[in-house]
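Text of the file data01.tsv, holding TSV, N, CA and C atoms:
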chain	number	residue	atom	x	y	z
A	1	MET	N	10.74	5.59	-24.92
A	1	MET	CA	9.59	6.02	-25.67
A	1	MET	C	10.03	7.13	-26.63
A	2	ASP	N	9.46	7.10	-27.80
A	2	ASP	CA	9.84	8.02	-28.86
A	2	ASP	C	8.75	9.07	-29.03
A	3	ILE	N	9.11	10.35	-28.99
A	3	ILE	CA	8.17	11.45	-29.23
A	3	ILE	C	8.62	12.18	-30.47
A	4	GLN	N	7.76	12.20	-31.50
A	4	GLN	CA	8.06	12.88	-32.75
A	4	GLN	C	7.19	14.12	-32.85
A	5	ILE	N	7.80	15.25	-33.15
A	5	ILE	CA	7.08	16.52	-33.24
A	5	ILE	C	7.25	17.06	-34.66
A	6	ALA	N	6.12	17.37	-35.31
A	6	ALA	CA	6.15	17.88	-36.67
A	6	ALA	C	5.22	19.08	-36.78
A	7	GLY	N	5.48	19.92	-37.75
A	7	GLY	CA	4.63	21.08	-37.98
A	7	GLY	C	4.14	21.13	-39.41
A	8	ARG	N	2.88	21.47	-39.59
A	8	ARG	CA	2.30	21.66	-40.91
A	8	ARG	C	2.01	23.13	-41.08
A	9	SER	N	2.59	23.71	-42.08
A	9	SER	CA	2.46	25.13	-42.38
A	9	SER	C	2.83	26.00	-41.18
A	10	ILE	N	3.72	25.49	-40.35
A	10	ILE	CA	4.20	26.25	-39.20
A	10	ILE	C	5.59	25.74	-38.85
A	11	GLU	N	6.45	26.63	-38.47
A	11	GLU	CA	7.79	26.27	-38.00
A	11	GLU	C	7.67	26.04	-36.50
A	12	VAL	N	8.02	24.85	-36.04
A	12	VAL	CA	7.88	24.51	-34.62
A	12	VAL	C	9.04	25.17	-33.86
A	13	ALA	N	8.68	26.09	-32.98
A	13	ALA	CA	9.69	26.81	-32.21
A	13	ALA	C	10.27	25.93	-31.11
A	14	ASP	N	11.43	26.30	-30.64
A	14	ASP	CA	12.08	25.53	-29.57
A	14	ASP	C	11.25	25.56	-28.29
A	15	ALA	N	10.58	26.67	-28.03
A	15	ALA	CA	9.75	26.78	-26.82
A	15	ALA	C	8.60	25.78	-26.85
A	16	LEU	N	7.99	25.59	-28.03
A	16	LEU	CA	6.90	24.61	-28.16
A	16	LEU	C	7.43	23.19	-27.99
A	17	LYS	N	8.60	22.91	-28.56
A	17	LYS	CA	9.19	21.58	-28.40
A	17	LYS	C	9.50	21.29	-26.93
A	18	GLU	N	10.07	22.28	-26.25
A	18	GLU	CA	10.39	22.09	-24.84
A	18	GLU	C	9.13	21.88	-24.02
A	19	ARG	N	8.06	22.61	-24.34
A	19	ARG	CA	6.80	22.45	-23.61
A	19	ARG	C	6.23	21.04	-23.81
A	20	LEU	N	6.25	20.57	-25.05
A	20	LEU	CA	5.75	19.23	-25.33
A	20	LEU	C	6.62	18.16	-24.67
A	21	GLU	N	7.93	18.33	-24.73
A	21	GLU	CA	8.83	17.34	-24.14
A	21	GLU	C	8.79	17.34	-22.62
A	22	SER	N	8.32	18.43	-22.02
A	22	SER	CA	8.20	18.46	-20.56
A	22	SER	C	6.83	17.98	-20.08
A	23	LYS	N	5.78	18.19	-20.89
A	23	LYS	CA	4.43	17.83	-20.46
A	23	LYS	C	4.02	16.40	-20.84
A	24	LEU	N	4.48	15.90	-21.97
A	24	LEU	CA	4.04	14.57	-22.42
A	24	LEU	C	4.62	13.40	-21.62
A	25	PRO	N	5.92	13.35	-21.33
A	25	PRO	CA	6.44	12.17	-20.61
A	25	PRO	C	5.78	11.87	-19.27
A	26	PRO	N	5.45	12.86	-18.43
A	26	PRO	CA	4.75	12.51	-17.18
A	26	PRO	C	3.37	11.90	-17.42
A	27	VAL	N	2.68	12.34	-18.47
A	27	VAL	CA	1.36	11.78	-18.79
A	27	VAL	C	1.51	10.35	-19.31
A	28	LEU	N	2.50	10.12	-20.17
A	28	LEU	CA	2.68	8.81	-20.79
A	28	LEU	C	3.39	7.83	-19.87
A	29	ALA	N	4.01	8.29	-18.80
A	29	ALA	CA	4.76	7.41	-17.90
A	29	ALA	C	3.83	6.43	-17.17
A	30	ASP	N	2.57	6.79	-16.98
A	30	ASP	CA	1.61	5.93	-16.28
A	30	ASP	C	1.14	4.77	-17.16
A	31	TYR	N	1.46	4.80	-18.44
A	31	TYR	CA	0.99	3.80	-19.38
A	31	TYR	C	2.20	3.12	-20.02
A	32	PRO	N	2.67	2.01	-19.46
A	32	PRO	CA	3.91	1.39	-19.95
A	32	PRO	C	3.79	0.76	-21.34
A	33	ARG	N	2.57	0.56	-21.83
A	33	ARG	CA	2.39	-0.05	-23.14
A	33	ARG	C	2.66	0.93	-24.28
A	34	VAL	N	2.75	2.21	-23.99
A	34	VAL	CA	2.97	3.23	-25.02
A	34	VAL	C	4.41	3.15	-25.52
A	35	GLU	N	4.57	3.06	-26.83
A	35	GLU	CA	5.90	2.98	-27.42
A	35	GLU	C	6.25	4.19	-28.27
A	36	ASN	N	5.26	4.80	-28.92
A	36	ASN	CA	5.52	5.87	-29.86
A	36	ASN	C	4.46	6.94	-29.73
A	37	CYS	N	4.86	8.20	-29.82
A	37	CYS	CA	3.93	9.32	-29.73
A	37	CYS	C	4.28	10.31	-30.84
A	38	GLN	N	3.27	10.68	-31.63
A	38	GLN	CA	3.47	11.64	-32.71
A	38	GLN	C	2.62	12.87	-32.45
A	39	VAL	N	3.23	14.03	-32.54
A	39	VAL	CA	2.53	15.29	-32.34
A	39	VAL	C	2.63	16.09	-33.63
A	40	VAL	N	1.48	16.55	-34.13
A	40	VAL	CA	1.45	17.37	-35.33
A	40	VAL	C	0.82	18.71	-34.96
A	41	LEU	N	1.56	19.77	-35.18
A	41	LEU	CA	1.08	21.13	-34.92
A	41	LEU	C	0.79	21.79	-36.26
A	42	SER	N	-0.37	22.44	-36.37
A	42	SER	CA	-0.71	23.12	-37.62
A	42	SER	C	-1.40	24.44	-37.32
A	43	GLN	N	-1.36	25.31	-38.31
A	43	GLN	CA	-1.95	26.63	-38.16
A	43	GLN	C	-2.68	27.00	-39.44
A	44	GLU	N	-3.92	27.47	-39.28
A	44	GLU	CA	-4.73	27.95	-40.39
A	44	GLU	C	-5.34	29.28	-39.97
A	45	LYS	N	-4.90	30.33	-40.54
A	45	LYS	CA	-5.31	31.69	-40.18
A	45	LYS	C	-5.25	31.89	-38.67
A	46	PHE	N	-6.38	31.91	-37.99
A	46	PHE	CA	-6.40	32.19	-36.55
A	46	PHE	C	-6.67	30.94	-35.71
A	47	ARG	N	-6.60	29.77	-36.35
A	47	ARG	CA	-6.88	28.53	-35.63
A	47	ARG	C	-5.60	27.70	-35.54
A	48	HIS	N	-5.20	27.39	-34.32
A	48	HIS	CA	-4.03	26.57	-34.07
A	48	HIS	C	-4.52	25.18	-33.65
A	49	THR	N	-3.96	24.14	-34.25
A	49	THR	CA	-4.40	22.77	-33.99
A	49	THR	C	-3.23	21.91	-33.54
A	50	CYS	N	-3.50	21.09	-32.52
A	50	CYS	CA	-2.52	20.13	-32.03
A	50	CYS	C	-3.17	18.75	-32.07
A	51	THR	N	-2.53	17.82	-32.80
A	51	THR	CA	-3.03	16.45	-32.91
A	51	THR	C	-1.97	15.51	-32.34
A	52	ILE	N	-2.39	14.64	-31.41
A	52	ILE	CA	-1.47	13.70	-30.78
A	52	ILE	C	-1.95	12.28	-31.09
A	53	THR	N	-1.05	11.46	-31.61
A	53	THR	CA	-1.33	10.06	-31.91
A	53	THR	C	-0.39	9.19	-31.09
A	54	VAL	N	-0.94	8.19	-30.42
A	54	VAL	CA	-0.15	7.30	-29.57
A	54	VAL	C	-0.28	5.88	-30.09
A	55	GLN	N	0.86	5.20	-30.20
A	55	GLN	CA	0.86	3.80	-30.60
A	55	GLN	C	1.59	3.00	-29.54
A	56	GLY	N	1.13	1.76	-29.36
A	56	GLY	CA	1.75	0.92	-28.35
A	56	GLY	C	1.63	-0.55	-28.68
A	57	ARG	N	1.99	-1.36	-27.73
A	57	ARG	CA	1.95	-2.81	-27.90
A	57	ARG	C	0.51	-3.32	-27.87
A	58	ASP	N	0.33	-4.52	-28.37
A	58	ASP	CA	-0.95	-5.23	-28.31
A	58	ASP	C	-2.09	-4.46	-28.98
A	59	LYS	N	-1.86	-4.00	-30.18
A	59	LYS	CA	-2.88	-3.32	-30.99
A	59	LYS	C	-3.38	-2.02	-30.36
A	60	MET	N	-2.58	-1.41	-29.53
A	60	MET	CA	-2.98	-0.14	-28.91
A	60	MET	C	-2.67	0.99	-29.87
A	61	HIS	N	-3.71	1.71	-30.29
A	61	HIS	CA	-3.55	2.82	-31.21
A	61	HIS	C	-4.62	3.85	-30.88
A	62	ILE	N	-4.21	5.00	-30.39
A	62	ILE	CA	-5.17	6.03	-30.02
A	62	ILE	C	-4.91	7.25	-30.89
A	63	THR	N	-5.90	7.60	-31.68
A	63	THR	CA	-5.85	8.79	-32.51
A	63	THR	C	-7.05	9.64	-32.14
A	64	GLY	N	-6.92	10.89	-32.25
A	64	GLY	CA	-8.08	11.73	-32.02
A	64	GLY	C	-7.91	12.72	-30.90
A	65	ALA	N	-6.74	12.81	-30.33
A	65	ALA	CA	-6.52	13.84	-29.33
A	65	ALA	C	-6.16	15.11	-30.08
A	66	ALA	N	-7.13	15.61	-30.83
A	66	ALA	CA	-6.92	16.80	-31.64
A	66	ALA	C	-7.76	17.95	-31.09
A	67	THR	N	-7.13	19.07	-30.88
A	67	THR	CA	-7.85	20.23	-30.38
A	67	THR	C	-7.43	21.46	-31.15
A	68	SER	N	-8.35	22.40	-31.25
A	68	SER	CA	-8.07	23.67	-31.91
A	68	SER	C	-8.38	24.80	-30.95
A	69	ASP	N	-7.58	25.84	-31.02
A	69	ASP	CA	-7.79	27.00	-30.16
A	69	ASP	C	-7.13	28.20	-30.82
A	70	ALA	N	-7.37	29.37	-30.27
A	70	ALA	CA	-6.80	30.59	-30.82
A	70	ALA	C	-5.31	30.71	-30.50
A	71	ASP	N	-4.85	29.98	-29.49
A	71	ASP	CA	-3.45	30.04	-29.06
A	71	ASP	C	-2.85	28.63	-29.12
A	72	MET	N	-1.63	28.52	-29.60
A	72	MET	CA	-1.00	27.20	-29.74
A	72	MET	C	-0.73	26.56	-28.39
A	73	ILE	N	-0.32	27.35	-27.40
A	73	ILE	CA	-0.02	26.81	-26.07
A	73	ILE	C	-1.27	26.18	-25.46
A	74	SER	N	-2.39	26.86	-25.55
A	74	SER	CA	-3.63	26.31	-24.98
A	74	SER	C	-4.11	25.10	-25.78
A	75	ALA	N	-3.88	25.09	-27.10
A	75	ALA	CA	-4.24	23.92	-27.91
A	75	ALA	C	-3.42	22.70	-27.49
A	76	ILE	N	-2.15	22.91	-27.19
A	76	ILE	CA	-1.28	21.81	-26.72
A	76	ILE	C	-1.77	21.29	-25.38
A	77	ASP	N	-2.06	22.21	-24.46
A	77	ASP	CA	-2.53	21.79	-23.13
A	77	ASP	C	-3.84	21.02	-23.21
A	78	LEU	N	-4.77	21.50	-24.03
A	78	LEU	CA	-6.06	20.81	-24.19
A	78	LEU	C	-5.87	19.42	-24.81
A	79	ALA	N	-4.98	19.31	-25.78
A	79	ALA	CA	-4.74	18.01	-26.42
A	79	ALA	C	-4.12	17.02	-25.45
A	80	ILE	N	-3.21	17.49	-24.59
A	80	ILE	CA	-2.59	16.61	-23.61
A	80	ILE	C	-3.61	16.14	-22.58
A	81	ASP	N	-4.49	17.03	-22.15
A	81	ASP	CA	-5.56	16.63	-21.22
A	81	ASP	C	-6.49	15.60	-21.86
A	82	LYS	N	-6.84	15.84	-23.11
A	82	LYS	CA	-7.73	14.91	-23.83
A	82	LYS	C	-7.06	13.55	-24.01
A	83	LEU	N	-5.77	13.55	-24.33
A	83	LEU	CA	-5.03	12.30	-24.48
A	83	LEU	C	-4.99	11.53	-23.17
A	84	ASP	N	-4.78	12.23	-22.06
A	84	ASP	CA	-4.75	11.57	-20.76
A	84	ASP	C	-6.08	10.89	-20.46
A	85	LYS	N	-7.18	11.56	-20.75
A	85	LYS	CA	-8.50	10.96	-20.53
A	85	LYS	C	-8.70	9.72	-21.41
A	86	GLN	N	-8.27	9.80	-22.68
A	86	GLN	CA	-8.44	8.68	-23.59
A	86	GLN	C	-7.59	7.49	-23.17
A	87	LEU	N	-6.36	7.75	-22.74
A	87	LEU	CA	-5.49	6.67	-22.29
A	87	LEU	C	-6.05	6.01	-21.03
A	88	ARG	N	-6.56	6.83	-20.10
A	88	ARG	CA	-7.14	6.29	-18.88
A	88	ARG	C	-8.34	5.41	-19.20
A	89	ARG	N	-9.20	5.87	-20.12
A	89	ARG	CA	-10.38	5.10	-20.50
A	89	ARG	C	-9.97	3.79	-21.18
A	90	SER	N	-8.96	3.84	-22.04
A	90	SER	CA	-8.48	2.64	-22.71
A	90	SER	C	-7.92	1.64	-21.71
A	91	ARG	N	-7.20	2.12	-20.74
A	91	ARG	CA	-6.63	1.23	-19.73
A	91	ARG	C	-7.72	0.60	-18.86
A	92	GLU	N	-8.73	1.38	-18.49
A	92	GLU	CA	-9.83	0.84	-17.70
A	92	GLU	C	-10.59	-0.23	-18.47
A	93	LYS	N	-10.81	-0.02	-19.78
A	93	LYS	CA	-11.48	-1.02	-20.60
A	93	LYS	C	-10.68	-2.31	-20.65
A	94	MET	N	-9.37	-2.17	-20.80
A	94	MET	CA	-8.51	-3.36	-20.86
A	94	MET	C	-8.58	-4.13	-19.54
A	95	LEU	N	-8.53	-3.42	-18.42
A	95	LEU	CA	-8.59	-4.09	-17.12
A	95	LEU	C	-9.94	-4.73	-16.89
A	96	ASP	N	-11.02	-4.09	-17.33
A	96	ASP	CA	-12.36	-4.67	-17.20
A	96	ASP	C	-12.47	-5.96	-18.01
A	97	ARG	N	-11.89	-5.97	-19.22
A	97	ARG	CA	-11.93	-7.18	-20.05
A	97	ARG	C	-11.14	-8.31	-19.40
A	98	GLN	N	-10.00	-7.97	-18.79
A	98	GLN	CA	-9.21	-9.01	-18.13
A	98	GLN	C	-9.96	-9.58	-16.93
A	99	LYS	N	-10.63	-8.73	-16.18
A	99	LYS	CA	-11.40	-9.21	-15.02
A	99	LYS	C	-12.58	-10.07	-15.48
A	100	ALA	N	-13.20	-9.71	-16.59
A	100	ALA	CA	-14.32	-10.50	-17.10
A	100	ALA	C	-13.85	-11.88	-17.52
A	101	ARG	N	-12.67	-11.97	-18.13
A	101	ARG	CA	-12.12	-13.27	-18.52
A	101	ARG	C	-11.80	-14.12	-17.30
A	102	GLU	N	-11.30	-13.50	-16.26
A	102	GLU	CA	-11.00	-14.23	-15.03
A	102	GLU	C	-12.28	-14.76	-14.39
A	103	ARG	N	-13.36	-13.95	-14.41
A	103	ARG	CA	-14.62	-14.40	-13.85
A	103	ARG	C	-15.19	-15.57	-14.63
A	104	LEU	N	-15.03	-15.56	-15.97
A	104	LEU	CA	-15.52	-16.68	-16.76
A	104	LEU	C	-14.72	-17.94	-16.49
A	105	GLY	N	-13.46	-17.78	-16.18
A	105	GLY	CA	-12.63	-18.94	-15.87
A	105	GLY	C	-12.94	-19.53	-14.51
A	106	ASP	N	-13.57	-18.77	-13.61
A	106	ASP	CA	-13.88	-19.24	-12.26
A	106	ASP	C	-15.18	-20.04	-12.19
A	107	VAL	N	-15.96	-20.09	-13.25
A	107	VAL	CA	-17.23	-20.82	-13.24
A	107	VAL	C	-16.94	-22.31	-13.16
A	108	PRO	N	-17.49	-23.00	-12.13
A	108	PRO	CA	-17.20	-24.43	-11.98
A	108	PRO	C	-17.93	-25.25	-13.05
A	109	ALA	N	-17.27	-26.26	-13.49
A	109	ALA	CA	-17.89	-27.16	-14.47
A	109	ALA	C	-18.83	-28.12	-13.77
A	110	ALA	N	-19.82	-28.58	-14.47
A	110	ALA	CA	-20.78	-29.53	-13.89
A	110	ALA	C	-20.08	-30.89	-13.73
A	111	ASP	N	-20.25	-31.52	-12.55
A	111	ASP	CA	-19.60	-32.79	-12.27
A	111	ASP	C	-20.31	-33.95	-12.99
A	112	ALA	N	-21.62	-33.93	-12.92
A	112	ALA	CA	-22.39	-35.03	-13.52
A	112	ALA	C	-23.41	-34.45	-14.48
A	113	PRO	N	-23.66	-35.14	-15.59
A	113	PRO	CA	-24.66	-34.64	-16.53
A	113	PRO	C	-26.06	-34.75	-15.93
A	114	VAL	N	-26.89	-33.83	-16.27
A	114	VAL	CA	-28.25	-33.80	-15.77
A	114	VAL	C	-29.15	-34.58	-16.73
A	115	ASP	N	-29.96	-35.54	-16.18
A	115	ASP	CA	-30.87	-36.33	-17.01
A	115	ASP	C	-32.18	-35.58	-17.16
A	116	LEU	N	-32.57	-35.36	-18.38
A	116	LEU	CA	-33.84	-34.68	-18.65
A	116	LEU	C	-34.87	-35.73	-19.09
A	117	PRO	N	-36.14	-35.62	-18.64
A	117	PRO	CA	-37.16	-36.62	-19.04
A	117	PRO	C	-37.56	-36.51	-20.46

Show me this structure written as structure tokens.
Amino acid sequence: MDIQIAGRSIEVADALKERLESKLPPVLADYPRVENCQVVLSQEKFRHTCTITVQGRDKMHITGAATSDADMISAIDLAIDKLDKQLRRSREKMLDRQKARERLGDVPAADAPVDLP
């Protein structure tokens, strides 16, 4: 899995990179369909923002794990928590759809046509 870290109007320190590289793989390890993860860190005056985008197989694309906070470390932690919730919800939806397809396949076909008067 590929993790790309970029900064907008901020120089990404080694400590932030190490924190992201230590916190993201355990979260993404539960989702084998994930192939690529992009992290964008930005700073505007007193607001620090962390945006995480995940791409995977079978049209899996999750954007929107963006959080802002007064501290970059807490913004990263909040974004990772939000991403985990979104990935879990996406996985549950996928499993529900697969179960629904299996239930539709289990419906027995009518053996004989019904005569209506």

Enter the distance from atom N of Met94 (chain A) to CA of Ile80 (chain A), in Å, rounded to one decimal.
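Between atom N of Met94 (chain A) and CA of Ile80 (chain A) the gap works out to 20.2 Å.
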
Exercise. Residues at most 8 Å from Ile5 (chain A), counting all atoms listed in the file, excluding those fewer than 2 positions away in the same chain, as a list in words?
Worked result: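 In the requested format, the answer is Asp2, Ile3, Gly7, Arg8, Val12, Lys17, Cys37, Gln38, Val39, Val40 and Leu41 of chain A.
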
Could you please determine the separation between CA of Ala66 (chain A) and atom C of Ala6 (chain A) in Å, to one decimal place?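 Computed distance, CA of Ala66 (chain A) to atom C of Ala6 (chain A), equals 13.4 Å.
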
- Task: Find the residue from A:Ala29, A:Leu95, A:Ile10, A:Ala65 that sits nearest to Asp81 (chain A); use all atoms listed in the file when measuring.
- Result: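 That would be A:Ala65, the residue with the smallest distance to Asp81 (chain A).
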
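The two atoms in question, CA of Ala15 (chain A) and CA of Ile76 (chain A), are spaced 12.1 Å apart.
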
Padding 5 Å on every side, please: axis-aligned box over the listed atoms of region 45-61 of chain A, centre and edge lengths to one decimal in Å, as lines of an AutoDock Vina configuration file.
center_x = -2.4
center_y = 13.5
center_z = -34.1
size_x = 18.9
size_y = 47.4
size_z = 22.8

Handout entry: Polymer residues at most 9 Å from Ala79 (chain A), only C-alpha atoms, same-chain spacing of 2 or more positions, as a ChimeraX atom specification
Key = /A:49-52,65-68,74-77,81-84

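Neighbouring residues of Ser9 (chain A) at 10 Å or closer, counting only C-alpha atoms and skipping chain neighbours under 4 positions away, are Leu41, Ser42, Gln43 and Glu44 of chain A.
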